[in-house]
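Q: The structure's right below; bear with me while I get my questions together.
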Amino acid sequence: MTTYDHSTSETKWQSAWANGETFKAGLQGDKKKKAYVLEMFPYPSGRIHMGHVRNYAMGDVIARYRLSNGYDVLHPMGWDAFGMPAENAAMANNTQPKTWTYENIAAMREQMQRLGFALDWDREFATCDPEYYGQQQKIFLEFWKAGLIYRKSSKVNWDPVDHTVLANEQVIDGRGWRSNALVETRELTQWFFKITDYAEDLLDGLDGLDRWPNKVKMMQANWIGRSEGLQFHFAFADDTPCETAENIEVYTTRPDTLFGASFVALAPDHPIVQHLGQSNPELRAFSDKCARLGTSEEALERAEKEGIDTGLRVKHPFIEGKTLPVWTANFVLMSYGTGAIFACPAGDQRDLDFARKYDLPVVAVVCPQDKSPDEAEISETAYTGPGTIINSGFLNGLDVETAISKAIAAIEDAGQGKRTINYRLRDWGVSRQRYWGCPIPAVHCDKCGVVPVKAKDLPIILPDEVSFDQPGNPLERDIDWKTTLCPSCGGDAVRETDTLDTFVDSSWYFARFCSPRDGAPVDLKASKHYLPVDQYIGGVEHAVLHLLYARFFTRAMKDCGLLDIEGREPFAGLFTQGMVTHQTFKNEAGEWLQPDLVERKGEAWFEKGNGKPVVAGAIEKMSKSKLNTVDPKDIIARFGADVARWFVLSDSPPERDVEWTSAGVEGANRLVQRVWTCACATAERTGTKDVGEDLLRLTHKTIKAVGEDVEGFRFNRAIARLYDLLNALRKESENNNTAPIMRIFTQLMAPFAPHLAESCWEKLGGQGLVATAAWPTFDPALCEDEEIMIPVQINGKRRGEFSAPRGLSKDDAEKLALANEGAIRALNGLTVRKVIIVPDRIVNIVAN
RNA sequence: GCCGGUGUGGCGGAAUUGGUAGACGCGCGGGAUUCAAAAUCCCGUUUCCUUUAGGAAGUGUCGGUUCGAUUCCGACCACCGGCACCA
């Protein structure tokens, strides 16, 4: 018997799998019974980290389990390879994004292959391959033809020093991350996908996603934010006409509170405010200040509520002669509804805070059930619940629901507005003023305007070499690349230099995996066979955007005839795993530091080597940009791939976040050695007697439980059960033939520690590869014990227990409980009032 | 700020979803083996009080429903994710 040598074993079995095309889709299992298992593909940052190992190990367990259960498994891998980090690296290291990206991909592929994942590498691609983004450009043209694409002006964060557009992430406290200049907002004409056309469809589709976590469905529903309400207009008061607008269009979900309206508020970037600002410096200053908050909704919402009176007044629609002041306020978003609201401070906390701050009137209009109208007055807390309408003319006495309908009817009758369904979801802006992305296949011609590139001229390939010595988008300065002929008139024209949001790349890659080398974006037969993805696995951080965009793409592609799929949903099953987090560190200059360059002395942290003080930051998900990643290479080198895989799955429930610690890796390594020792000892045993009934029962229970745990993503529990079975196996008498049980153990362990399992399988005389061996079955009769322990409680506290056969009658259970020694002791001096018996579970005696 | 989530021993966590709280692993303590160590094996390990045995408290905090609550309800606290140009 030798110690288990992981590196020999890994090399051996990885090449055996590769040579046997074990994980190639379409070659194993039953073609009619397919399983498409997919983990969200990684951004090629250069090195994999423990978060990747956890993510891909989970998918691998599922893929291997399905393979053992006779499925034709599609389990591919690729690279989400466009995006900003490549440009940043190019600037920092004087290299090209393309070079940097493909080198990273090579390094990460190598690391992943060492982990022995059951992947079909023949289907690999990167989104920055022209073969991929060329197909994406075809999709773009089809969407354009279908009316799903348009251009409009919208805001970007502008760095006035670097002359470049900044991502929200690059705006820190209102300043550019590199230049430290105060960020401005600029209007640019940009490309949009009409995702709002699918708002209702995307919302409805959530109902059918029974294998999605509720939290994700809820977040998506809230994001789409369907609301029913009233869109109507306020006419300007006679003494304050407005030059640019006839009236103010507002949207409200609470028209029942119109009588409580105390002001109208416009977004700071509302056209009316912009216009007034031209002649009102105070107003302009306010708009400018709001613009400096950047474009992120978070920044806008967290800013202190402020506003300014525009001086305009509007007529109240229901109260003759009453007018309301028109303010502009930073909590009103131009992007939602009409960019204008009416405020009823009594019924909305933000409106109330604002009204108190600027001394605007507050009139209670909804009286809660448990209060009388004179108690309904509002002080510091707005009332948003149900109740009876008061102080509201013709709506008085109605409940909220009825009042809403009646108010809408009144406005509609007066021709001032109509019932409207509104969505929070906005159209998807896909323009990026960057080089390292998929070029938008459009041409600007002075004569013909914006013209689509002809499909036969695709792909529009990015230039390989660009210069980053000036800020801004290198494509704009690349005259050779930019200059072209108009596809329509043949005259001189220029290419569109905006590239696509990288979310576009990841919105259909799962479909491309079905036929990765096809001349069309997706081969319809292949997509019909393999889609939808049966099990999609990725971080919760993608719960809204990526998943919503992919759902939109699936619908749009299907409607354009680019995709064939049963139903309209790309991911039938979704599992959102928790993140692997780690403390972040910064030096005095505010630069991120790697955890392994930092050491702790007492309560404080210092840089290793130079001893400079270090600021310990938040514990956040591992990400290359914050340098708080932990590379699995040391663990793999010391203990092997199986230990790394086993360890990341063994302790924490997959959906929970884990703070990274290597404490316990030795435990996983001990297990691997113990399994190998046990397998070797088993193979050498000569005992021929059947194993004991306890072990047999435990084995069947374990087969059942591990299967259920794997299907339910409870890998930590499955592993705990494997420990149990192994412990029992090791205690079994030398005289018994444990080989059949050890072979079952090996199979159950295989999805978690596949190399070790192959070695054990071979040692134990298993046929072929354990990877493709049929999953063991269990006998339900052996999964339940005949004798069970039943606890006895007195007044809810456990005082004893007795052993009894399963299915014991209630009468017998009561007798045995009352005769129980512990129960008798506890009942001393008490009178039994009631006995509660849950069969095969518990007996609770109530006494006093 | 808004939306979603999480909270159980020294640590990661388990608990058949309202029925014995702490499975399994890590760590720690004790022992065996060894010239010694490593490795391995065995035993113990929620806290506190009494020590064969027993009792009390205990699942972020406070309160509620129930014969019985980690599980259901209400309020609060802490942390994490997302917020449309990070991916």
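Residue names in the structure tokens use chain letters A, B, ... in the order shown, residue numbers from 1 in each chain, and ligand numbers from 1 in the order shown.
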Report the closest atom pair, with its distance in Å rounded to one decimal, for each residue of chain B that has an atom no farther than 9 Å from chain A; count only C-alpha atoms (C1' of nucleotides), sort by chain and then rising residue number, and write it as CSV.
A:
```
residue,atom,partner,partner_atom,distance
B:G1,C1',A:Arg302,CA,4.7
B:C2,C1',A:Glu301,CA,7.8
B:C3,C1',A:Met219,CA,6.5
B:G4,C1',A:Met219,CA,6.1
B:G5,C1',A:Lys215,CA,7.8
B:U6,C1',A:Arg656,CA,7.8
B:G12,C1',A:Asp651,CA,5.4
B:G13,C1',A:Asp651,CA,6.3
B:A14,C1',A:Arg717,CA,7.7
B:G19,C1',A:Ile842,CA,6.0
B:U20,C1',A:Pro791,CA,5.7
B:A23,C1',A:Ala720,CA,8.0
B:C24,C1',A:Ala720,CA,4.3
B:G25,C1',A:Asp651,CA,7.0
B:C26,C1',A:Gly664,CA,5.1
B:G27,C1',A:Gly664,CA,8.7
B:C67,C1',A:Val846,CA,6.1
B:G68,C1',A:Gly796,CA,5.1
B:C80,C1',A:Asp657,CA,7.8
B:G81,C1',A:Glu541,CA,5.7
B:G82,C1',A:Glu541,CA,6.2
B:C83,C1',A:Glu298,CA,5.9
B:A84,C1',A:Leu545,CA,7.6
B:C85,C1',A:Ala167,CA,4.1
B:C86,C1',A:Glu169,CA,6.2
B:A87,C1',A:Tyr43,CA,6.8
```
Q: Among range 376-535 of chain A, which residues does DSSP mark as alpha helix (DSSP H) when it is run on the backbone? Keep the chain and numbering as in the structure and answer as a JSON list (two decimals) with all heavy atoms, in the first residue's frame.
A:
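That gives us selection33.json:
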```
[["chain", "number", "residue", "atom", "x", "y", "z"],
["A", 400, "VAL", "N", -59.06, 53.32, -0.66],
["A", 400, "VAL", "CA", -57.99, 53.75, -1.56],
["A", 400, "VAL", "C", -58.20, 53.23, -2.99],
["A", 400, "VAL", "O", -58.13, 53.98, -3.96],
["A", 400, "VAL", "CB", -56.61, 53.30, -1.00],
["A", 400, "VAL", "CG1", -55.52, 53.47, -2.05],
["A", 400, "VAL", "CG2", -56.28, 54.09, 0.25],
["A", 401, "GLU", "N", -58.49, 51.91, -3.10],
["A", 401, "GLU", "CA", -58.65, 51.30, -4.42],
["A", 401, "GLU", "C", -59.74, 51.99, -5.24],
["A", 401, "GLU", "O", -59.55, 52.34, -6.41],
["A", 401, "GLU", "CB", -58.99, 49.81, -4.27],
["A", 401, "GLU", "CG", -57.78, 48.95, -3.93],
["A", 401, "GLU", "CD", -56.62, 49.14, -4.91],
["A", 401, "GLU", "OE1", -56.85, 49.07, -6.13],
["A", 401, "GLU", "OE2", -55.50, 49.41, -4.43],
["A", 402, "THR", "N", -60.89, 52.17, -4.62],
["A", 402, "THR", "CA", -62.01, 52.78, -5.32],
["A", 402, "THR", "C", -61.69, 54.22, -5.69],
["A", 402, "THR", "O", -62.02, 54.69, -6.78],
["A", 402, "THR", "CB", -63.27, 52.73, -4.44],
["A", 402, "THR", "OG1", -63.34, 51.45, -3.83],
["A", 402, "THR", "CG2", -64.53, 52.99, -5.24],
["A", 403, "ALA", "N", -61.04, 54.91, -4.77],
["A", 403, "ALA", "CA", -60.71, 56.32, -5.01],
["A", 403, "ALA", "C", -59.75, 56.46, -6.19],
["A", 403, "ALA", "O", -59.87, 57.40, -6.99],
["A", 403, "ALA", "CB", -60.09, 56.92, -3.74],
["A", 404, "ILE", "N", -58.81, 55.51, -6.32],
["A", 404, "ILE", "CA", -57.88, 55.55, -7.44],
["A", 404, "ILE", "C", -58.67, 55.48, -8.76],
["A", 404, "ILE", "O", -58.49, 56.30, -9.65],
["A", 404, "ILE", "CB", -56.85, 54.40, -7.34],
["A", 404, "ILE", "CG1", -55.86, 54.66, -6.20],
["A", 404, "ILE", "CG2", -56.09, 54.22, -8.67],
["A", 404, "ILE", "CD1", -54.88, 53.54, -5.92],
["A", 405, "SER", "N", -59.59, 54.50, -8.84],
["A", 405, "SER", "CA", -60.38, 54.35, -10.07],
["A", 405, "SER", "C", -61.20, 55.59, -10.36],
["A", 405, "SER", "O", -61.29, 56.06, -11.50],
["A", 405, "SER", "CB", -61.33, 53.16, -9.94],
["A", 405, "SER", "OG", -60.60, 52.00, -9.76],
["A", 406, "LYS", "N", -61.80, 56.13, -9.30],
["A", 406, "LYS", "CA", -62.68, 57.28, -9.50],
["A", 406, "LYS", "C", -61.88, 58.52, -9.92],
["A", 406, "LYS", "O", -62.32, 59.29, -10.79],
["A", 406, "LYS", "CB", -63.45, 57.56, -8.21],
["A", 406, "LYS", "CG", -64.73, 58.32, -8.47],
["A", 406, "LYS", "CD", -65.71, 58.25, -7.31],
["A", 406, "LYS", "CE", -66.91, 59.13, -7.63],
["A", 406, "LYS", "NZ", -67.81, 59.26, -6.47],
["A", 407, "ALA", "N", -60.72, 58.69, -9.32],
["A", 407, "ALA", "CA", -59.88, 59.83, -9.68],
["A", 407, "ALA", "C", -59.42, 59.71, -11.14],
["A", 407, "ALA", "O", -59.43, 60.69, -11.89],
["A", 407, "ALA", "CB", -58.67, 59.90, -8.75],
["A", 408, "ILE", "N", -59.05, 58.48, -11.54],
["A", 408, "ILE", "CA", -58.61, 58.28, -12.93],
["A", 408, "ILE", "C", -59.77, 58.60, -13.87],
["A", 408, "ILE", "O", -59.60, 59.30, -14.87],
["A", 408, "ILE", "CB", -58.11, 56.83, -13.14],
["A", 408, "ILE", "CG1", -56.80, 56.62, -12.36],
["A", 408, "ILE", "CG2", -57.89, 56.55, -14.63],
["A", 408, "ILE", "CD1", -56.27, 55.18, -12.40],
["A", 409, "ALA", "N", -60.96, 58.09, -13.52],
["A", 409, "ALA", "CA", -62.13, 58.34, -14.37],
["A", 409, "ALA", "C", -62.38, 59.83, -14.52],
["A", 409, "ALA", "O", -62.67, 60.32, -15.62],
["A", 409, "ALA", "CB", -63.35, 57.63, -13.79],
["A", 410, "ALA", "N", -62.23, 60.56, -13.42],
["A", 410, "ALA", "CA", -62.49, 62.00, -13.46],
["A", 410, "ALA", "C", -61.50, 62.71, -14.38],
["A", 410, "ALA", "O", -61.87, 63.59, -15.17],
["A", 410, "ALA", "CB", -62.42, 62.58, -12.05],
["A", 411, "ILE", "N", -60.22, 62.31, -14.29],
["A", 411, "ILE", "CA", -59.20, 62.94, -15.14],
["A", 411, "ILE", "C", -59.44, 62.57, -16.60],
["A", 411, "ILE", "O", -59.33, 63.41, -17.50],
["A", 411, "ILE", "CB", -57.77, 62.48, -14.70],
["A", 411, "ILE", "CG1", -57.43, 63.02, -13.32],
["A", 411, "ILE", "CG2", -56.73, 62.88, -15.74],
["A", 411, "ILE", "CD1", -56.99, 64.46, -13.27],
["A", 412, "GLU", "N", -59.79, 61.30, -16.84],
["A", 412, "GLU", "CA", -60.05, 60.86, -18.22],
["A", 412, "GLU", "C", -61.26, 61.61, -18.80],
["A", 412, "GLU", "O", -61.22, 62.06, -19.95],
["A", 412, "GLU", "CB", -60.29, 59.35, -18.27],
["A", 412, "GLU", "CG", -58.99, 58.56, -18.12],
["A", 412, "GLU", "CD", -59.17, 57.05, -18.21],
["A", 412, "GLU", "OE1", -60.28, 56.56, -17.91],
["A", 412, "GLU", "OE2", -58.19, 56.36, -18.56],
["A", 413, "ASP", "N", -62.30, 61.78, -17.99],
["A", 413, "ASP", "CA", -63.50, 62.50, -18.45],
["A", 413, "ASP", "C", -63.16, 63.93, -18.82],
["A", 413, "ASP", "O", -63.71, 64.49, -19.76],
["A", 413, "ASP", "CB", -64.59, 62.49, -17.37],
["A", 413, "ASP", "CG", -65.20, 61.11, -17.23],
["A", 413, "ASP", "OD1", -64.94, 60.27, -18.13],
["A", 413, "ASP", "OD2", -65.91, 60.85, -16.24],
["A", 474, "PRO", "N", -9.63, 54.74, -28.98],
["A", 474, "PRO", "CA", -8.64, 54.64, -30.05],
["A", 474, "PRO", "C", -9.27, 54.44, -31.43],
["A", 474, "PRO", "O", -8.67, 54.81, -32.43],
["A", 474, "PRO", "CB", -7.81, 53.42, -29.67],
["A", 474, "PRO", "CG", -8.11, 53.14, -28.25],
["A", 474, "PRO", "CD", -9.45, 53.68, -27.96],
["A", 475, "LEU", "N", -10.46, 53.84, -31.47],
["A", 475, "LEU", "CA", -11.09, 53.61, -32.77],
["A", 475, "LEU", "C", -11.40, 54.92, -33.47],
["A", 475, "LEU", "O", -11.34, 55.02, -34.69],
["A", 475, "LEU", "CB", -12.40, 52.81, -32.59],
["A", 475, "LEU", "CG", -12.27, 51.36, -32.17],
["A", 475, "LEU", "CD1", -13.65, 50.73, -32.04],
["A", 475, "LEU", "CD2", -11.41, 50.58, -33.16],
["A", 476, "GLU", "N", -11.72, 55.94, -32.67],
["A", 476, "GLU", "CA", -12.07, 57.22, -33.25],
["A", 476, "GLU", "C", -10.87, 57.86, -33.94],
["A", 476, "GLU", "O", -11.02, 58.65, -34.87],
["A", 476, "GLU", "CB", -12.57, 58.16, -32.15],
["A", 476, "GLU", "CG", -14.07, 58.31, -32.15],
["A", 476, "GLU", "CD", -14.51, 59.29, -31.10],
["A", 476, "GLU", "OE1", -14.58, 60.49, -31.42],
["A", 476, "GLU", "OE2", -14.75, 58.84, -29.95],
["A", 477, "ARG", "N", -9.68, 57.53, -33.44],
["A", 477, "ARG", "CA", -8.47, 58.13, -34.02],
["A", 477, "ARG", "C", -7.87, 57.26, -35.11],
["A", 477, "ARG", "O", -6.91, 57.65, -35.76],
["A", 477, "ARG", "CB", -7.41, 58.32, -32.91],
["A", 477, "ARG", "CG", -7.86, 59.21, -31.78],
["A", 477, "ARG", "CD", -6.69, 59.50, -30.86],
["A", 477, "ARG", "NE", -6.12, 58.29, -30.29],
["A", 477, "ARG", "CZ", -6.49, 57.78, -29.12],
["A", 477, "ARG", "NH1", -7.41, 58.38, -28.40],
["A", 477, "ARG", "NH2", -5.92, 56.69, -28.66],
["A", 479, "ILE", "N", -7.89, 56.34, -38.35],
["A", 479, "ILE", "CA", -8.50, 56.80, -39.59],
["A", 479, "ILE", "C", -8.65, 55.66, -40.60],
["A", 479, "ILE", "O", -9.67, 55.52, -41.26],
["A", 479, "ILE", "CB", -7.68, 57.96, -40.21],
["A", 479, "ILE", "CG1", -7.57, 59.14, -39.21],
["A", 479, "ILE", "CG2", -8.32, 58.45, -41.50],
["A", 479, "ILE", "CD1", -8.89, 59.71, -38.75],
["A", 480, "ASP", "N", -7.61, 54.82, -40.70],
["A", 480, "ASP", "CA", -7.66, 53.70, -41.65],
["A", 480, "ASP", "C", -8.86, 52.80, -41.39],
["A", 480, "ASP", "O", -9.55, 52.36, -42.29],
["A", 480, "ASP", "CB", -6.38, 52.84, -41.53],
["A", 480, "ASP", "CG", -5.20, 53.54, -42.18],
["A", 480, "ASP", "OD1", -5.45, 54.54, -42.88],
["A", 480, "ASP", "OD2", -4.07, 53.07, -41.97],
["A", 481, "TRP", "N", -9.03, 52.50, -40.10],
["A", 481, "TRP", "CA", -10.10, 51.58, -39.74],
["A", 481, "TRP", "C", -11.47, 52.23, -39.96],
["A", 481, "TRP", "O", -12.41, 51.59, -40.42],
["A", 481, "TRP", "CB", -9.95, 51.17, -38.26],
["A", 481, "TRP", "CG", -10.94, 50.13, -37.85],
["A", 481, "TRP", "CD1", -10.84, 48.79, -38.05],
["A", 481, "TRP", "CD2", -12.20, 50.36, -37.19],
["A", 481, "TRP", "NE1", -11.95, 48.16, -37.55],
["A", 481, "TRP", "CE2", -12.80, 49.10, -37.02],
["A", 481, "TRP", "CE3", -12.86, 51.50, -36.73],
["A", 481, "TRP", "CZ2", -14.03, 48.95, -36.41],
["A", 481, "TRP", "CZ3", -14.10, 51.35, -36.12],
["A", 481, "TRP", "CH2", -14.68, 50.08, -35.96],
["A", 482, "LYS", "N", -11.48, 53.51, -39.59],
["A", 482, "LYS", "CA", -12.74, 54.23, -39.55],
["A", 482, "LYS", "C", -13.28, 54.54, -40.95],
["A", 482, "LYS", "O", -14.48, 54.48, -41.19],
["A", 482, "LYS", "CB", -12.47, 55.54, -38.81],
["A", 482, "LYS", "CG", -13.62, 56.12, -38.06],
["A", 482, "LYS", "CD", -13.10, 57.28, -37.22],
["A", 482, "LYS", "CE", -14.05, 58.43, -37.29],
["A", 482, "LYS", "NZ", -13.65, 59.54, -36.41],
["A", 502, "THR", "N", -20.49, 44.86, -22.95],
["A", 502, "THR", "CA", -20.11, 43.44, -22.86],
["A", 502, "THR", "C", -21.25, 42.55, -22.37],
["A", 502, "THR", "O", -21.17, 41.34, -22.50],
["A", 502, "THR", "CB", -18.91, 43.25, -21.92],
["A", 502, "THR", "OG1", -19.22, 43.81, -20.65],
["A", 502, "THR", "CG2", -17.67, 43.91, -22.49],
["A", 503, "PHE", "N", -22.28, 43.16, -21.82],
["A", 503, "PHE", "CA", -23.46, 42.35, -21.46],
["A", 503, "PHE", "C", -24.11, 41.74, -22.70],
["A", 503, "PHE", "O", -24.79, 40.72, -22.60],
["A", 503, "PHE", "CB", -24.50, 43.21, -20.73],
["A", 503, "PHE", "CG", -24.33, 43.25, -19.24],
["A", 503, "PHE", "CD1", -24.22, 44.45, -18.57],
["A", 503, "PHE", "CD2", -24.29, 42.08, -18.49],
["A", 503, "PHE", "CE1", -24.07, 44.50, -17.18],
["A", 503, "PHE", "CE2", -24.14, 42.12, -17.11],
["A", 503, "PHE", "CZ", -24.03, 43.33, -16.46],
["A", 504, "VAL", "N", -23.91, 42.38, -23.86],
["A", 504, "VAL", "CA", -24.45, 41.82, -25.10],
["A", 504, "VAL", "C", -23.75, 40.49, -25.38],
["A", 504, "VAL", "O", -24.39, 39.49, -25.72],
["A", 504, "VAL", "CB", -24.28, 42.80, -26.27],
["A", 504, "VAL", "CG1", -24.80, 42.17, -27.57],
["A", 504, "VAL", "CG2", -24.97, 44.12, -25.98],
["A", 505, "ASP", "N", -22.43, 40.48, -25.22],
["A", 505, "ASP", "CA", -21.66, 39.26, -25.48],
["A", 505, "ASP", "C", -22.17, 38.09, -24.66],
["A", 505, "ASP", "O", -22.23, 36.96, -25.12],
["A", 505, "ASP", "CB", -20.17, 39.48, -25.15],
["A", 505, "ASP", "CG", -19.61, 40.75, -25.75],
["A", 505, "ASP", "OD1", -20.15, 41.22, -26.77],
["A", 505, "ASP", "OD2", -18.62, 41.29, -25.19],
["A", 509, "TYR", "N", -24.21, 33.69, -25.41],
["A", 509, "TYR", "CA", -23.11, 32.72, -25.52],
["A", 509, "TYR", "C", -23.58, 31.30, -25.24],
["A", 509, "TYR", "O", -23.09, 30.34, -25.84],
["A", 509, "TYR", "CB", -21.96, 33.12, -24.59],
["A", 509, "TYR", "CG", -22.17, 32.80, -23.12],
["A", 509, "TYR", "CD1", -21.50, 31.74, -22.51],
["A", 509, "TYR", "CD2", -23.05, 33.54, -22.35],
["A", 509, "TYR", "CE1", -21.68, 31.44, -21.18],
["A", 509, "TYR", "CE2", -23.24, 33.24, -21.01],
["A", 509, "TYR", "CZ", -22.56, 32.19, -20.43],
["A", 509, "TYR", "OH", -22.76, 31.89, -19.11],
["A", 510, "PHE", "N", -24.53, 31.16, -24.34],
["A", 510, "PHE", "CA", -25.05, 29.84, -24.00],
["A", 510, "PHE", "C", -25.70, 29.18, -25.22],
["A", 510, "PHE", "O", -25.70, 27.96, -25.34],
["A", 510, "PHE", "CB", -26.07, 29.95, -22.86],
["A", 510, "PHE", "CG", -27.16, 30.95, -23.15],
["A", 510, "PHE", "CD1", -28.31, 30.56, -23.82],
["A", 510, "PHE", "CD2", -27.00, 32.28, -22.80],
["A", 510, "PHE", "CE1", -29.29, 31.50, -24.12],
["A", 510, "PHE", "CE2", -27.98, 33.21, -23.10],
["A", 510, "PHE", "CZ", -29.11, 32.83, -23.77],
["A", 511, "ALA", "N", -26.24, 30.00, -26.11],
["A", 511, "ALA", "CA", -26.84, 29.45, -27.33],
["A", 511, "ALA", "C", -25.76, 29.08, -28.34],
["A", 511, "ALA", "O", -25.85, 28.07, -29.05],
["A", 511, "ALA", "CB", -27.82, 30.46, -27.94],
["A", 512, "ARG", "N", -24.72, 29.89, -28.40],
["A", 512, "ARG", "CA", -23.62, 29.62, -29.31],
["A", 512, "ARG", "C", -22.92, 28.30, -28.98],
["A", 512, "ARG", "O", -22.43, 27.61, -29.87],
["A", 512, "ARG", "CB", -22.62, 30.78, -29.26],
["A", 512, "ARG", "CG", -21.44, 30.69, -30.23],
["A", 512, "ARG", "CD", -21.85, 30.88, -31.67],
["A", 512, "ARG", "NE", -20.74, 30.73, -32.60],
["A", 512, "ARG", "CZ", -20.87, 30.55, -33.90],
["A", 512, "ARG", "NH1", -22.07, 30.52, -34.45],
["A", 512, "ARG", "NH2", -19.81, 30.42, -34.68],
["A", 524, "LEU", "N", -30.15, 25.99, -35.74],
["A", 524, "LEU", "CA", -31.48, 25.83, -35.14],
["A", 524, "LEU", "C", -31.72, 24.43, -34.58],
["A", 524, "LEU", "O", -32.33, 24.27, -33.53],
["A", 524, "LEU", "CB", -32.56, 26.18, -36.15],
["A", 524, "LEU", "CG", -32.52, 27.62, -36.69],
["A", 524, "LEU", "CD1", -33.71, 27.89, -37.59],
["A", 524, "LEU", "CD2", -32.49, 28.64, -35.54],
["A", 525, "LYS", "N", -31.19, 23.43, -35.27],
["A", 525, "LYS", "CA", -31.39, 22.06, -34.79],
["A", 525, "LYS", "C", -30.66, 21.86, -33.46],
["A", 525, "LYS", "O", -31.17, 21.25, -32.53],
["A", 525, "LYS", "CB", -30.84, 21.06, -35.81],
["A", 525, "LYS", "CG", -31.91, 20.47, -36.69],
["A", 525, "LYS", "CD", -31.33, 19.29, -37.46],
["A", 525, "LYS", "CE", -32.02, 19.20, -38.82],
["A", 525, "LYS", "NZ", -31.13, 18.68, -39.87],
["A", 526, "ALA", "N", -29.43, 22.37, -33.41],
["A", 526, "ALA", "CA", -28.63, 22.20, -32.20],
["A", 526, "ALA", "C", -29.27, 22.93, -31.02],
["A", 526, "ALA", "O", -29.33, 22.41, -29.91],
["A", 526, "ALA", "CB", -27.21, 22.72, -32.43],
["A", 527, "SER", "N", -29.79, 24.13, -31.28],
["A", 527, "SER", "CA", -30.39, 24.88, -30.16],
["A", 527, "SER", "C", -31.67, 24.20, -29.71],
["A", 527, "SER", "O", -31.97, 24.15, -28.52],
["A", 527, "SER", "CB", -30.62, 26.34, -30.54],
["A", 527, "SER", "OG", -31.72, 26.49, -31.42],
["A", 528, "LYS", "N", -32.40, 23.66, -30.67],
["A", 528, "LYS", "CA", -33.64, 22.96, -30.31],
["A", 528, "LYS", "C", -33.33, 21.75, -29.42],
["A", 528, "LYS", "O", -34.07, 21.43, -28.51],
["A", 528, "LYS", "CB", -34.35, 22.51, -31.60],
["A", 528, "LYS", "CG", -35.63, 21.73, -31.38],
["A", 528, "LYS", "CD", -36.78, 22.65, -31.06],
["A", 528, "LYS", "CE", -38.07, 21.85, -30.89],
["A", 528, "LYS", "NZ", -39.18, 22.70, -30.46],
["A", 529, "HIS", "N", -32.21, 21.10, -29.71],
["A", 529, "HIS", "CA", -31.85, 19.92, -28.92],
["A", 529, "HIS", "C", -31.35, 20.28, -27.53],
["A", 529, "HIS", "O", -31.81, 19.74, -26.54],
["A", 529, "HIS", "CB", -30.79, 19.10, -29.66],
["A", 529, "HIS", "CG", -30.29, 17.91, -28.87],
["A", 529, "HIS", "ND1", -31.13, 16.90, -28.44],
["A", 529, "HIS", "CD2", -29.06, 17.59, -28.41],
["A", 529, "HIS", "CE1", -30.43, 16.01, -27.77],
["A", 529, "HIS", "NE2", -29.16, 16.40, -27.73],
["A", 530, "TYR", "N", -30.41, 21.21, -27.48],
["A", 530, "TYR", "CA", -29.73, 21.43, -26.20],
["A", 530, "TYR", "C", -30.37, 22.51, -25.32],
["A", 530, "TYR", "O", -30.19, 22.53, -24.11],
["A", 530, "TYR", "CB", -28.25, 21.75, -26.42],
["A", 530, "TYR", "CG", -27.42, 20.51, -26.69],
["A", 530, "TYR", "CD1", -26.77, 20.32, -27.90],
["A", 530, "TYR", "CD2", -27.29, 19.52, -25.72],
["A", 530, "TYR", "CE1", -26.01, 19.18, -28.15],
["A", 530, "TYR", "CE2", -26.54, 18.38, -25.96],
["A", 530, "TYR", "CZ", -25.91, 18.21, -27.17],
["A", 530, "TYR", "OH", -25.16, 17.09, -27.39]]
```
Q: Need to verify the contact set: Thr702 in chain A, 8 Å, only C-alpha atoms (C1' of nucleotides), exclusion of same-chain residues closer than 3 positions in sequence. Can you return it as a list of chain:residue names?
A: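 Near Thr702 in chain A, the qualifying residues are A:Leu698, A:Thr699, A:Ala705, A:Val706, A:Arg721, A:Leu722, A:Leu725.
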Q: What's the separation between CA of Glu184 in chain A and CA of Gly339 in chain A, in Å to one decimal place?
A: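 Atom-to-atom, CA of Glu184 in chain A to CA of Gly339 in chain A, that is 20.3 Å.
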Q: Got a sec: who's within 10 Å of range 289-291 of chain A, counting only C-alpha atoms (C1' of nucleotides), leaving out chain neighbours fewer than 3 positions off, as number ranges by chain?
A: A: 155, 157, 174, 183-186, 267-269, 283-286, 294-295, 299-300, 303, 306-307, 329-331
Q: Out of B:U59, B:U52, B:U16, B:U45, which residue has the shortest atom-to-atom distance to G29 in chain B when counting only C-alpha atoms (C1' of nucleotides)?
A: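 Using only C-alpha atoms (C1' of nucleotides), G29 in chain B sits closest to B:U45.
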Q: Using CA of Cys128 in chain A and CA of Arg517 in chain A as the two end points, give the distance in Å to one decimal.
A: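 It comes out at 14.4 Å.
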Q: Would you work out the distance separating CA of Asp159 in chain A from CA of Thr499 in chain A, expressed in Å to one decimal?
A: 19.1 Å
Q: Just list the residues in range 210-425 of chain A DSSP gives strand (DSSP E) on the backbone, as a PyMOL selection string.
A: chain A and resi 227-235+247-252+263-266+307-315+323-329+340-343+366-367+388-389+417-422
